[in-house]
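Student: The following file, protein-v3.txt, comprises compact mmCIF, C-alpha atoms and all ligand atoms:
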```
# COMPACT_ATOMS: atom_id res chain seq x y z
CA MET M 1 0.00 0.00 0.00
CA PRO M 2 1.88 3.16 -1.19
CA SER M 3 2.24 5.74 1.59
CA SER M 4 3.23 9.44 1.44
CA ASP M 5 2.90 12.67 3.41
CA VAL M 6 0.13 14.10 1.22
CA ILE M 7 -2.21 12.64 -1.40
CA ILE M 8 -3.82 15.18 -3.72
CA ILE M 9 -6.87 13.88 -5.58
CA GLY M 10 -7.02 15.70 -8.93
CA GLY M 11 -4.29 17.10 -11.15
CA GLY M 12 -5.98 20.30 -12.35
CA ILE M 13 -4.47 23.73 -11.74
CA ILE M 14 -5.55 23.65 -8.09
CA GLY M 15 -4.07 20.25 -7.23
CA LEU M 16 -0.89 20.85 -9.24
CA SER M 17 -0.23 24.31 -7.74
CA LEU M 18 -0.57 22.88 -4.25
CA ALA M 19 1.61 19.89 -5.17
CA HIS M 20 4.31 22.28 -6.38
CA ARG M 21 4.16 24.29 -3.15
CA LEU M 22 4.28 21.23 -0.86
CA ALA M 23 6.89 19.34 -2.85
CA SER M 24 9.07 22.50 -2.88
CA GLU M 25 9.04 22.21 0.93
CA ARG M 26 10.20 18.60 0.63
CA LEU M 27 6.98 16.83 1.55
CA ARG M 28 6.38 13.50 -0.19
CA VAL M 29 3.42 14.35 -2.41
CA VAL M 30 1.39 12.02 -4.61
CA VAL M 31 -1.08 13.48 -7.13
CA LEU M 32 -3.66 11.05 -8.48
CA ASP M 33 -5.67 11.85 -11.59
CA ARG M 34 -8.17 9.60 -13.29
CA ARG M 35 -7.03 10.89 -16.73
CA GLU M 36 -3.88 12.62 -17.88
CA PRO M 37 -3.63 15.58 -15.46
CA GLY M 38 -4.74 19.04 -16.56
CA LEU M 39 -7.35 18.11 -19.16
CA GLU M 40 -10.58 19.21 -17.45
CA ALA M 41 -11.74 22.72 -16.46
CA SER M 42 -8.18 24.03 -16.19
CA TRP M 43 -7.54 23.13 -19.82
CA ALA M 44 -10.79 24.78 -20.96
CA ALA M 45 -10.49 28.14 -19.18
CA ALA M 46 -10.07 31.55 -20.78
CA GLY M 47 -7.39 32.68 -18.34
CA MET M 48 -8.67 36.12 -17.35
CA LEU M 49 -7.15 37.22 -14.06
CA SER M 50 -9.61 39.71 -12.62
CA ALA M 51 -10.58 40.36 -9.02
CA ALA M 52 -13.56 42.44 -10.20
CA PRO M 53 -16.93 40.88 -9.27
CA GLU M 54 -19.23 40.04 -12.19
CA SER M 55 -22.34 40.51 -10.05
CA PRO M 56 -23.22 41.49 -6.46
CA ASP M 57 -23.24 37.73 -5.65
CA ASP M 58 -19.48 37.64 -6.27
CA ILE M 59 -18.54 40.32 -3.72
CA ALA M 60 -17.75 37.77 -0.98
CA LEU M 61 -15.02 36.38 -3.24
CA VAL M 62 -13.25 39.71 -3.77
CA PRO M 63 -10.86 39.57 -0.73
CA LEU M 64 -9.63 36.11 -1.78
CA ALA M 65 -9.42 37.16 -5.42
CA LYS M 66 -7.41 40.29 -4.57
CA ARG M 67 -4.96 38.26 -2.46
CA SER M 68 -4.48 35.74 -5.27
CA PHE M 69 -4.11 38.50 -7.84
CA ALA M 70 -1.34 40.04 -5.72
CA LEU M 71 0.43 36.66 -5.51
CA TYR M 72 0.28 36.04 -9.27
CA PRO M 73 3.60 37.52 -10.45
CA ASP M 74 5.58 35.53 -7.85
CA TYR M 75 3.50 32.41 -8.52
CA ILE M 76 4.21 32.63 -12.27
CA ARG M 77 7.90 33.22 -11.60
CA ALA M 78 8.06 30.15 -9.35
CA ILE M 79 6.15 27.90 -11.78
CA GLU M 80 8.16 29.07 -14.79
CA GLU M 81 11.46 28.67 -12.92
CA SER M 82 10.62 25.19 -11.60
CA SER M 83 9.32 23.98 -14.97
CA SER M 84 11.48 25.92 -17.47
CA LYS M 85 8.22 26.51 -19.38
CA VAL M 86 6.42 29.75 -20.29
CA THR M 87 2.81 30.53 -19.40
CA ASN M 88 2.02 33.59 -21.56
CA PHE M 89 1.29 35.73 -18.48
CA ARG M 90 0.24 39.15 -19.82
CA ARG M 91 -0.30 42.36 -17.88
CA ASP M 92 -2.18 44.26 -20.57
CA GLY M 93 -5.24 45.56 -18.71
CA ALA M 94 -8.88 45.12 -19.76
CA LEU M 95 -11.57 47.21 -21.41
CA GLU M 96 -15.21 46.77 -20.47
CA LEU M 97 -17.72 48.03 -23.05
CA PHE M 98 -21.38 48.86 -22.37
CA PHE M 99 -24.04 48.57 -25.09
CA GLY M 100 -27.28 48.34 -23.07
CA SER M 101 -30.22 50.73 -22.72
CA SER M 102 -28.57 53.01 -20.11
CA PRO M 103 -24.90 52.32 -20.72
CA GLU M 104 -23.35 55.31 -18.97
CA ALA M 105 -25.34 54.76 -15.78
CA GLU M 106 -24.41 51.06 -15.85
CA ARG M 107 -20.73 51.91 -16.42
CA ASP M 108 -20.75 54.47 -13.59
CA ARG M 109 -22.32 51.95 -11.20
CA THR M 110 -19.66 49.40 -12.13
CA VAL M 111 -16.80 51.89 -11.64
CA ALA M 112 -18.20 53.06 -8.28
CA SER M 113 -18.64 49.52 -6.97
CA HIS M 114 -15.13 48.52 -8.08
CA ARG M 115 -13.67 51.56 -6.34
CA GLU M 116 -15.48 50.72 -3.10
CA LEU M 117 -13.80 47.32 -3.28
CA GLY M 118 -10.37 48.92 -3.77
CA LEU M 119 -10.07 47.99 -7.47
CA THR M 120 -8.60 50.36 -10.05
CA THR M 121 -11.31 50.97 -12.65
CA GLN M 122 -11.63 54.20 -14.62
CA ALA M 123 -14.54 55.52 -16.66
CA VAL M 124 -13.22 56.42 -20.14
CA SER M 125 -14.84 57.86 -23.24
CA THR M 126 -15.47 55.47 -26.14
CA ALA M 127 -12.88 57.49 -28.11
CA ASP M 128 -10.34 56.81 -25.35
CA ALA M 129 -11.25 53.12 -25.36
CA HIS M 130 -10.57 53.11 -29.10
CA SER M 131 -7.20 54.76 -28.64
CA ILE M 132 -6.27 52.24 -25.89
CA ASP M 133 -7.15 49.41 -28.28
CA PRO M 134 -7.93 50.42 -31.89
CA SER M 135 -9.62 47.08 -32.58
CA VAL M 136 -12.59 47.71 -30.25
CA SER M 137 -16.03 48.64 -31.52
CA LYS M 138 -16.75 52.29 -32.24
CA SER M 139 -20.41 51.72 -31.55
CA ALA M 140 -20.10 50.97 -27.82
CA PHE M 141 -21.97 53.60 -25.79
CA ALA M 142 -19.75 53.69 -22.69
CA ALA M 143 -16.45 52.15 -21.55
CA ALA M 144 -14.31 51.44 -18.49
CA TRP M 145 -10.58 50.77 -18.34
CA LEU M 146 -9.12 48.30 -15.82
CA PRO M 147 -5.38 48.90 -16.18
CA ASP M 148 -4.20 46.26 -13.67
CA GLU M 149 -5.96 43.25 -15.12
CA CYS M 150 -3.90 40.35 -16.46
CA SER M 151 -4.34 37.10 -18.33
CA VAL M 152 -2.53 33.81 -18.70
CA GLU M 153 -2.79 30.87 -21.09
CA PRO M 154 -4.40 28.15 -18.92
CA ARG M 155 -3.19 25.18 -21.00
CA ALA M 156 0.38 26.48 -20.88
CA LEU M 157 0.07 27.29 -17.17
CA THR M 158 -1.36 23.88 -16.26
CA SER M 159 1.28 22.08 -18.28
CA ALA M 160 3.99 24.20 -16.59
CA ALA M 161 2.49 23.55 -13.13
CA LEU M 162 2.51 19.79 -13.86
CA GLN M 163 6.17 19.90 -14.88
CA ALA M 164 7.02 22.20 -11.95
CA ALA M 165 5.42 19.84 -9.43
CA LYS M 166 7.22 16.83 -10.95
CA ASN M 167 10.56 18.66 -11.04
CA ARG M 168 10.17 19.47 -7.33
CA GLY M 169 9.65 15.78 -6.61
CA ALA M 170 5.89 15.25 -6.65
CA ASP M 171 4.82 11.79 -7.84
CA VAL M 172 2.06 12.55 -10.36
CA ARG M 173 0.12 9.48 -11.48
CA ALA M 174 -2.25 9.50 -14.44
CA ASN M 175 -5.16 7.07 -14.93
CA VAL M 176 -5.73 6.41 -11.21
CA GLU M 177 -9.38 6.98 -10.42
CA VAL M 178 -10.07 7.63 -6.76
CA ARG M 179 -13.33 5.87 -5.96
CA LYS M 180 -13.53 6.19 -2.19
CA LEU M 181 -12.15 8.08 0.81
CA LEU M 182 -10.91 5.72 3.52
CA ILE M 183 -12.33 6.95 6.82
CA GLU M 184 -11.42 5.39 10.19
CA GLY M 185 -13.38 6.93 13.04
CA SER M 186 -12.86 10.69 12.85
CA ARG M 187 -9.84 10.45 10.55
CA CYS M 188 -9.30 10.14 6.82
CA VAL M 189 -6.40 7.76 6.35
CA GLY M 190 -6.24 7.30 2.60
CA ILE M 191 -8.07 6.60 -0.62
CA GLU M 192 -9.09 3.61 -2.66
CA SER M 193 -8.83 3.19 -6.43
CA PRO M 194 -10.21 0.11 -8.25
CA SER M 195 -6.83 -1.61 -8.00
CA GLU M 196 -5.01 -0.08 -5.03
CA LYS M 197 -5.21 1.69 -1.69
CA PHE M 198 -2.99 4.68 -0.90
CA THR M 199 -2.42 6.04 2.59
CA ALA M 200 -1.10 9.42 3.77
CA ARG M 201 -1.23 11.69 6.79
CA GLN M 202 -3.00 14.37 4.73
CA ILE M 203 -5.49 13.93 1.88
CA VAL M 204 -6.54 16.90 -0.26
CA LEU M 205 -9.64 16.61 -2.43
CA ALA M 206 -9.04 18.79 -5.52
CA ALA M 207 -11.09 16.95 -8.15
CA GLY M 208 -12.95 20.03 -9.45
CA CYS M 209 -16.62 19.45 -10.32
CA PHE M 210 -16.11 15.69 -9.92
CA SER M 211 -15.28 16.00 -6.20
CA SER M 212 -18.80 15.16 -5.02
CA GLY M 213 -18.79 11.90 -7.01
CA ILE M 214 -16.17 10.24 -4.82
CA GLU M 215 -17.62 7.87 -2.21
CA GLY M 216 -17.56 9.59 1.17
CA ALA M 217 -17.26 13.10 -0.31
CA ALA M 218 -20.76 13.92 -1.56
CA ARG M 219 -21.92 15.76 1.55
CA LEU M 220 -18.54 17.26 2.35
CA ALA M 221 -17.94 18.70 -1.11
CA PRO M 222 -21.26 19.60 -2.75
CA THR M 223 -19.77 20.47 -6.14
CA GLN M 224 -21.68 20.50 -9.40
CA PRO M 225 -20.66 21.07 -13.03
CA VAL M 226 -21.51 24.23 -14.97
CA ARG M 227 -20.63 23.98 -18.64
CA GLY M 228 -18.79 26.78 -20.41
CA GLN M 229 -18.15 26.79 -24.17
CA MET M 230 -15.23 28.54 -25.85
CA VAL M 231 -14.00 29.43 -29.36
CA SER M 232 -10.49 30.27 -30.50
CA LEU M 233 -9.98 32.57 -33.47
CA ARG M 234 -7.10 33.74 -35.62
CA THR M 235 -7.13 37.07 -37.38
CA ALA M 236 -4.69 38.80 -39.68
CA ARG M 237 -6.45 42.14 -39.07
CA ASP M 238 -6.21 44.30 -35.97
CA ALA M 239 -6.38 41.82 -33.07
CA PRO M 240 -7.08 43.22 -29.61
CA ASN M 241 -4.09 43.56 -27.30
CA HIS M 242 -6.19 43.64 -24.16
CA VAL M 243 -8.96 41.61 -22.63
CA VAL M 244 -12.20 43.17 -23.95
CA ARG M 245 -15.55 42.28 -22.42
CA SER M 246 -19.20 43.19 -22.04
CA HIS M 247 -21.96 41.59 -20.01
CA LYS M 248 -22.55 39.26 -22.99
CA GLY M 249 -19.05 37.85 -23.44
CA TYR M 250 -15.31 38.38 -23.61
CA VAL M 251 -12.29 38.18 -25.85
CA VAL M 252 -8.84 37.32 -24.46
CA PRO M 253 -5.74 37.91 -26.62
CA ARG M 254 -3.01 35.30 -26.81
CA GLY M 255 -0.63 37.24 -29.12
CA ASN M 256 0.25 36.86 -32.81
CA GLY M 257 -3.37 37.32 -33.95
CA ARG M 258 -4.67 34.46 -31.77
CA LEU M 259 -7.47 35.01 -29.28
CA VAL M 260 -10.13 33.10 -27.39
CA ALA M 261 -13.75 34.12 -26.91
CA GLY M 262 -16.28 32.91 -24.36
CA SER M 263 -18.47 31.75 -22.83
CA THR M 264 -21.76 30.13 -21.78
CA ILE M 265 -23.08 29.26 -18.33
CA GLU M 266 -25.09 26.03 -18.67
CA HIS M 267 -26.50 23.58 -16.15
CA VAL M 268 -26.45 20.43 -18.28
CA GLY M 269 -24.85 17.95 -15.92
CA PHE M 270 -21.59 16.39 -17.12
CA ALA M 271 -22.42 16.72 -20.86
CA LYS M 272 -19.29 17.87 -22.64
CA ASN M 273 -20.22 19.00 -26.11
CA VAL M 274 -20.41 22.41 -27.75
CA THR M 275 -23.72 23.52 -29.27
CA ALA M 276 -24.72 25.62 -32.26
CA ALA M 277 -26.51 28.11 -30.01
CA GLY M 278 -23.62 28.33 -27.56
CA ILE M 279 -20.96 28.98 -30.19
CA SER M 280 -23.11 31.40 -32.21
CA GLY M 281 -23.88 33.44 -29.07
CA ILE M 282 -20.17 33.63 -28.19
CA LEU M 283 -19.26 34.73 -31.73
CA ALA M 284 -22.01 37.37 -31.81
CA ALA M 285 -20.79 38.86 -28.51
CA ALA M 286 -17.16 38.78 -29.69
CA ILE M 287 -18.00 40.50 -33.00
CA GLU M 288 -19.99 43.16 -31.14
CA LEU M 289 -16.84 43.89 -29.10
CA ILE M 290 -14.32 43.62 -31.98
CA PRO M 291 -16.11 44.06 -35.34
CA ASP M 292 -13.09 42.84 -37.38
CA LEU M 293 -13.50 39.39 -35.84
CA GLY M 294 -16.31 38.85 -38.34
CA GLY M 295 -13.58 37.82 -40.79
CA ALA M 296 -11.47 35.78 -38.34
CA ALA M 297 -10.81 32.08 -38.88
CA ILE M 298 -12.30 29.72 -36.31
CA GLU M 299 -9.48 27.48 -35.06
CA GLU M 300 -11.10 25.40 -32.36
CA THR M 301 -14.24 25.09 -30.26
CA TRP M 302 -14.39 23.31 -26.89
CA CYS M 303 -16.05 23.33 -23.52
CA GLY M 304 -15.25 22.61 -19.90
CA LEU M 305 -17.08 21.98 -16.64
CA ARG M 306 -16.64 24.64 -13.95
CA PRO M 307 -16.78 23.35 -10.37
CA ASP M 308 -19.67 25.26 -8.79
CA THR M 309 -20.97 25.13 -5.19
CA PRO M 310 -24.39 26.06 -3.73
CA ASP M 311 -23.22 29.61 -2.88
CA HIS M 312 -20.70 29.83 -5.78
CA LEU M 313 -17.80 30.26 -3.32
CA PRO M 314 -14.89 27.82 -3.18
CA LEU M 315 -14.32 25.12 -0.57
CA ILE M 316 -10.86 25.65 0.90
CA GLY M 317 -9.70 24.23 4.22
CA PRO M 318 -10.17 21.46 6.76
CA THR M 319 -13.20 19.19 6.97
CA GLU M 320 -14.78 17.42 9.94
CA PHE M 321 -12.35 14.58 9.34
CA GLU M 322 -8.84 14.96 10.62
CA GLY M 323 -6.37 14.78 7.76
CA LEU M 324 -8.95 15.56 5.05
CA TRP M 325 -8.80 18.94 3.29
CA LEU M 326 -10.80 20.44 0.44
CA ALA M 327 -9.49 22.59 -2.39
CA THR M 328 -12.36 22.62 -4.84
CA GLY M 329 -15.45 24.53 -5.99
CA HIS M 330 -13.51 27.40 -7.59
CA TYR M 331 -16.28 27.84 -10.15
CA ARG M 332 -15.39 30.63 -12.64
CA ASN M 333 -12.16 31.68 -10.92
CA GLY M 334 -9.92 28.67 -10.38
CA ILE M 335 -7.12 29.93 -12.60
CA LEU M 336 -7.05 33.21 -10.67
CA LEU M 337 -7.41 31.48 -7.29
CA ALA M 338 -4.72 28.81 -7.72
CA PRO M 339 -1.92 30.78 -5.98
CA VAL M 340 -3.98 31.73 -2.92
CA THR M 341 -5.40 28.21 -2.59
CA ALA M 342 -1.87 26.78 -2.65
CA GLU M 343 -0.78 29.40 -0.12
CA ILE M 344 -3.63 28.77 2.32
CA LEU M 345 -3.62 24.98 2.22
CA GLY M 346 0.18 24.92 2.05
CA ASP M 347 0.36 27.00 5.25
CA TRP M 348 -2.18 24.80 6.98
CA ILE M 349 -0.53 21.53 6.02
CA LEU M 350 3.04 22.72 6.57
CA ARG M 351 2.59 24.95 9.63
CA GLY M 352 -0.77 23.97 11.08
CA LYS M 353 -2.33 27.41 10.54
CA THR M 354 -3.11 30.10 7.99
CA GLU M 355 -3.01 33.85 8.52
CA SER M 356 -5.71 34.41 5.89
CA ASP M 357 -9.33 35.02 6.84
CA VAL M 358 -10.95 32.03 5.17
CA GLU M 359 -14.13 31.51 7.16
CA ALA M 360 -16.36 32.40 4.19
CA TYR M 361 -14.74 29.59 2.17
CA SER M 362 -14.74 26.94 4.91
CA PRO M 363 -15.95 23.53 3.64
CA GLN M 364 -17.74 23.13 6.96
CA ARG M 365 -20.29 25.85 6.11
CA PHE M 366 -22.41 23.23 4.35
CA THR M 367 -22.29 20.53 7.01
CA THR M 368 -25.09 20.80 9.55
CA GLU M 369 -25.51 18.61 12.63
CA LYS M 370 -27.84 16.37 10.59
CA THR M 371 -25.46 15.85 7.68
CA ARG M 372 -22.54 15.46 10.11
CA ALA M 373 -24.33 12.58 11.77
CA ALA M 374 -24.92 10.97 8.36
CA LEU M 375 -21.28 11.25 7.23
C1 LIG L 1 -15.11 27.90 -20.29
C2 LIG L 1 -14.40 28.22 -18.99
C3 LIG L 1 -13.78 29.45 -18.85
C4 LIG L 1 -13.12 29.76 -17.65
N1 LIG L 1 -12.45 30.94 -17.56
C5 LIG L 1 -11.76 31.24 -16.42
C6 LIG L 1 -11.02 32.44 -16.33
O1 LIG L 1 -10.98 33.23 -17.28
N2 LIG L 1 -10.35 32.70 -15.17
C7 LIG L 1 -10.39 31.84 -14.11
O2 LIG L 1 -9.78 32.14 -13.08
N3 LIG L 1 -11.09 30.68 -14.17
C8 LIG L 1 -11.78 30.37 -15.29
N4 LIG L 1 -12.50 29.21 -15.38
C9 LIG L 1 -12.63 28.37 -14.17
C10 LIG L 1 -11.44 27.44 -13.99
O3 LIG L 1 -11.17 26.78 -15.20
C11 LIG L 1 -11.73 26.41 -12.89
O4 LIG L 1 -12.23 27.05 -11.74
C12 LIG L 1 -10.44 25.67 -12.53
O5 LIG L 1 -9.82 25.18 -13.69
C13 LIG L 1 -10.72 24.54 -11.57
O6 LIG L 1 -9.51 23.83 -11.39
P1 LIG L 1 -9.49 22.45 -10.63
O7 LIG L 1 -8.08 22.01 -10.57
O8 LIG L 1 -10.25 22.58 -9.36
O9 LIG L 1 -10.39 21.47 -11.53
P2 LIG L 1 -10.08 20.70 -12.89
O10 LIG L 1 -9.20 21.47 -13.78
O11 LIG L 1 -11.40 20.26 -13.42
O12 LIG L 1 -9.24 19.46 -12.40
C14 LIG L 1 -9.81 18.41 -11.65
C15 LIG L 1 -8.97 17.17 -11.92
O13 LIG L 1 -9.44 16.11 -11.09
C16 LIG L 1 -9.41 14.91 -11.83
N5 LIG L 1 -10.36 13.98 -11.23
C17 LIG L 1 -11.71 14.07 -11.23
N6 LIG L 1 -12.26 13.03 -10.56
C18 LIG L 1 -11.22 12.28 -10.14
C19 LIG L 1 -11.14 11.06 -9.41
N7 LIG L 1 -12.23 10.42 -8.97
N8 LIG L 1 -9.92 10.54 -9.15
C20 LIG L 1 -8.79 11.15 -9.59
N9 LIG L 1 -8.83 12.33 -10.30
C21 LIG L 1 -10.02 12.87 -10.56
C22 LIG L 1 -9.79 15.33 -13.23
O14 LIG L 1 -9.39 14.38 -14.20
C23 LIG L 1 -9.08 16.67 -13.35
O15 LIG L 1 -7.79 16.54 -13.92
C24 LIG L 1 -13.13 28.84 -16.58
C25 LIG L 1 -13.74 27.59 -16.73
C26 LIG L 1 -14.37 27.28 -17.94
C27 LIG L 1 -14.99 25.92 -18.10
```
Please express what this file holds, its structure, as structure tokens.
Tutor:
Amino acid sequence: MPSSDVIIIGGGIIGLSLAHRLASERLRVVVLDRREPGLEASWAAAGMLSAAPESPDDIALVPLAKRSFALYPDYIRAIEESSSKVTNFRRDGALELFFGSSPEAERDRTVASHRELGLTTQAVSTADAHSIDPSVSKSAFAAAWLPDECSVEPRALTSAALQAAKNRGADVRANVEVRKLLIEGSRCVGIESPSEKFTARQIVLAAGCFSSGIEGAARLAPTQPVRGQMVSLRTARDAPNHVVRSHKGYVVPRGNGRLVAGSTIEHVGFAKNVTAAGISGILAAAIELIPDLGGAAIEETWCGLRPDTPDHLPLIGPTEFEGLWLATGHYRNGILLAPVTAEILGDWILRGKTESDVEAYSPQRFTTEKTRAAL
């Protein structure tokens, strides 16, 4: 029965970033993934790095998002150094365009709420937006400029994080499906796959939207999938050099005329296919933002399953079971939140405490006395 200090279930960006952190501190870390690591939500993401809330529901996430955003440059440096790979981390800023019925009022509300949250967002004229990025639509009615926003290429980042974790000594195993958590009394002692048991002092569940499907985890980690479709485009004409978005969609530049556009928010279970309506909606929103994209070549379409939770906030921290930790439920922000998740759980596992205020993200917020008794 293989034994280690830490087992991480799931080799997406969350599990791999934590594996890199813990292995860098010389813990014996095993990452188990039921496929090749890094091919689920982390592979599908757009890679926008924005602490700005998309709706009032997201405000509770802002402190965590701001902390992770601040960690990003050092996180990228560490991953790139450990892996000798590049991640296409770009600090280009973002433009938000408003087309609705009262665009200036909507823009001013957005700017005011961002400022209250300590985010740098400026109202700009549509002419200024056009001079910041000449590719953007001249027919937008109002605009805001978010100079600090960044982006990264999630497939490159996840591949670099995988290599970085391996180079620091993590044992990353593909094609090992974790079926069950092994619980003895009040302690989690390991996991079971169809062919093997693994034991460790610490077990971290980081299986994204699939976390709730593991026996013993359903009530602890109430994750569910939310499908998002994406399109990548190539254009020889003016490509945007910044993230450009509206409330209908977004465009994220990758350089050299390549860009990705997204997305949809669909509750369709674990179905992983793109649809005519999904892709046409994404393209319409992208062309509204950047009219020249009407002539762009479509390179690829795909989708991924975001790990959502009942209150849309992540599950980060200890559970009722000693030795069992959650790092899942990052919904629309897992690429952004990877550094802070690795920091928080790394501190807890390595030093027994975290300085961060993480109560709002505690996995135990969903376990009542009744469910605890049924665990
Ligand atoms: C279309 C789209 C756009 C997005 N855009 C952004 C964005 O711009 N910015 C941002 O910050 N976030 C974005 N996200 C969200 C982000 O992708 C996710 O929050 C993040 O990737 C979650 O990472 P994860 O490691 O938790 O999960 P995943 O990447 O899904 O990884 C989970 C891993 O666990 C493995 N696994 C599952 N079950 C088992 C099992 N039983 N045993 C072993 N292994 C198992 C899987 O094979 C997988 O490798 C987007 C997501 C989508 C779908």
Student: So that I can check the surroundings of M:Glu300, please list as a PDB file with C-alpha atoms, keeping the file's coordinate frame every protein, DNA and RNA residue that reaches within 10 Å of it, counting all atoms listed in the file and ignoring chain neighbours fewer than 3 positions away.
Tutor:
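Okay, this is what ended up in result-v7.pdb:
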```
ATOM      1  CA  MET M 230     -15.230  28.540 -25.850  1.00  0.00           C
ATOM      2  CA  VAL M 231     -14.000  29.430 -29.360  1.00  0.00           C
ATOM      3  CA  SER M 232     -10.490  30.270 -30.500  1.00  0.00           C
ATOM      4  CA  LEU M 233      -9.980  32.570 -33.470  1.00  0.00           C
ATOM      5  CA  ARG M 234      -7.100  33.740 -35.620  1.00  0.00           C
ATOM      6  CA  VAL M 260     -10.130  33.100 -27.390  1.00  0.00           C
ATOM      7  CA  ALA M 297     -10.810  32.080 -38.880  1.00  0.00           C
TER       8      ALA M 297
END
```
Student: Which residue, M:Ala105, M:Val268, M:Ala70, M:Leu22, has the smallest gap to M:Lys166 when you use all atoms listed in the file?
Tutor: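 Among the listed residues, M:Leu22 lies closest to M:Lys166.
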Student: For M:Glu36, work out the shell of residues within 12 Å, counting all atoms listed in the file and skipping chain neighbours fewer than 5 positions away, then give it as a ChimeraX atom specification.
Tutor: /M:10-12,31,43,158-159,162,172-177
Student: As number ranges by chain, please: the residues near M:Asp171 (cut-off 10 Å, only C-alpha atoms, same-chain neighbours under 6 positions excluded).
Tutor: M: 4, 7, 19, 23, 28-32, 165
Student: Rounded to one decimal, what separation in Å do you get between atom CA of M:Arg254 and atom CA of M:Glu153?
Tutor: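 One can read the atom CA of M:Arg254 to atom CA of M:Glu153 distance as 7.2 Å.
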Student: Go through M:Leu49, M:Ala65, M:Val6, M:Leu157 and flag the residue nearest ligand LIG 1 (chain L), using all atoms listed in the file for the distances.
Tutor: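 Closest residue, counting all atoms listed in the file: M:Leu49.
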Student: Enter the distance from atom CA of M:Thr309 to atom CA of M:Thr275, in Å, rounded to one decimal.
Tutor: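 If I compute the distance from atom CA of M:Thr309 to atom CA of M:Thr275, I get 24.3 Å.
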Student: Expressed in Å to a single decimal, how great is the separation between atom CA of M:Ala160 and atom C24 of ligand LIG 1 (chain L)?
Tutor: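 Pair atom CA of M:Ala160 / atom C24 of ligand LIG 1 (chain L) returns 17.7 Å.
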Student: If we draw a sphere of 10 Å around (-9.4, 39.5, -24.5), which residues have at least one atom in it when counting all atoms listed in the file? Please report them as a list in words.
Tutor: Ala46, Gly47, Met48, Asp92, Gly93, Ala94, Leu95, Cys150, Ser151, Ala239, Pro240, Asn241, His242, Val243, Val244, Arg245, Gly249, Tyr250, Val251, Val252, Pro253, Arg254, Leu259, Val260, Ala261, Gly262, Ala286, Leu289 and Ile290 of chain M
Student: Of the candidates M:Arg258, M:Arg201, M:Arg351, M:Arg155, which one gets nearest to ligand LIG 1 (chain L) if we count all atoms listed in the file?
Tutor: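 The shortest atom-to-atom distance to ligand LIG 1 (chain L) comes from M:Arg155.
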Student: Pick the closest to ligand LIG 1 (chain L) from M:Thr110, M:Ser3, M:Thr354, M:Ser68: which is it, counting only C-alpha atoms and all ligand atoms?
Tutor: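 Selected residue with least distance to ligand LIG 1 (chain L): M:Ser68.
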Student: Within 8 Å of M:Leu220, counting all atoms listed in the file, which residues show up once you throw out same-chain ones fewer than 4 positions away? Write them as a PyMOL selection string, please.
Tutor: chain M and resi 212+216+319+363-364+366-367
Student: Since the input lacks some atoms of stretch 263-273 of chain M, please model N, CA and C atoms and print them as a PDB file, in the frame of the given file.
Tutor:
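Listed below is the output, selection37.pdb:
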```pdb
ATOM      1  N   SER M 263     -18.216  33.143 -23.113  1.00  0.00           N
ATOM      2  CA  SER M 263     -18.470  31.750 -22.830  1.00  0.00           C
ATOM      3  C   SER M 263     -19.956  31.575 -22.545  1.00  0.00           C
ATOM      4  N   THR M 264     -20.364  30.388 -22.177  1.00  0.00           N
ATOM      5  CA  THR M 264     -21.760  30.130 -21.780  1.00  0.00           C
ATOM      6  C   THR M 264     -21.766  29.683 -20.320  1.00  0.00           C
ATOM      7  N   ILE M 265     -22.914  29.766 -19.694  1.00  0.00           N
ATOM      8  CA  ILE M 265     -23.080  29.260 -18.330  1.00  0.00           C
ATOM      9  C   ILE M 265     -24.279  28.316 -18.387  1.00  0.00           C
ATOM     10  N   GLU M 266     -24.017  26.999 -18.393  1.00  0.00           N
ATOM     11  CA  GLU M 266     -25.090  26.030 -18.670  1.00  0.00           C
ATOM     12  C   GLU M 266     -25.114  24.919 -17.628  1.00  0.00           C
ATOM     13  N   HIS M 267     -26.310  24.657 -17.127  1.00  0.00           N
ATOM     14  CA  HIS M 267     -26.500  23.580 -16.150  1.00  0.00           C
ATOM     15  C   HIS M 267     -27.021  22.355 -16.893  1.00  0.00           C
ATOM     16  N   VAL M 268     -26.089  21.582 -17.445  1.00  0.00           N
ATOM     17  CA  VAL M 268     -26.450  20.430 -18.280  1.00  0.00           C
ATOM     18  C   VAL M 268     -25.753  19.170 -17.785  1.00  0.00           C
ATOM     19  N   GLY M 269     -25.531  19.102 -16.484  1.00  0.00           N
ATOM     20  CA  GLY M 269     -24.850  17.950 -15.920  1.00  0.00           C
ATOM     21  C   GLY M 269     -23.424  17.846 -16.447  1.00  0.00           C
ATOM     22  N   PHE M 270     -22.987  16.598 -16.700  1.00  0.00           N
ATOM     23  CA  PHE M 270     -21.590  16.390 -17.120  1.00  0.00           C
ATOM     24  C   PHE M 270     -21.453  16.320 -18.645  1.00  0.00           C
ATOM     25  N   ALA M 271     -22.490  16.769 -19.388  1.00  0.00           N
ATOM     26  CA  ALA M 271     -22.420  16.720 -20.860  1.00  0.00           C
ATOM     27  C   ALA M 271     -21.296  17.636 -21.352  1.00  0.00           C
ATOM     28  N   LYS M 272     -20.409  17.065 -22.154  1.00  0.00           N
ATOM     29  CA  LYS M 272     -19.290  17.870 -22.640  1.00  0.00           C
ATOM     30  C   LYS M 272     -19.305  17.941 -24.156  1.00  0.00           C
ATOM     31  N   ASN M 273     -20.217  18.755 -24.668  1.00  0.00           N
ATOM     32  CA  ASN M 273     -20.220  19.000 -26.110  1.00  0.00           C
ATOM     33  C   ASN M 273     -20.543  20.474 -26.323  1.00  0.00           C
TER      34      ASN M 273
END
```
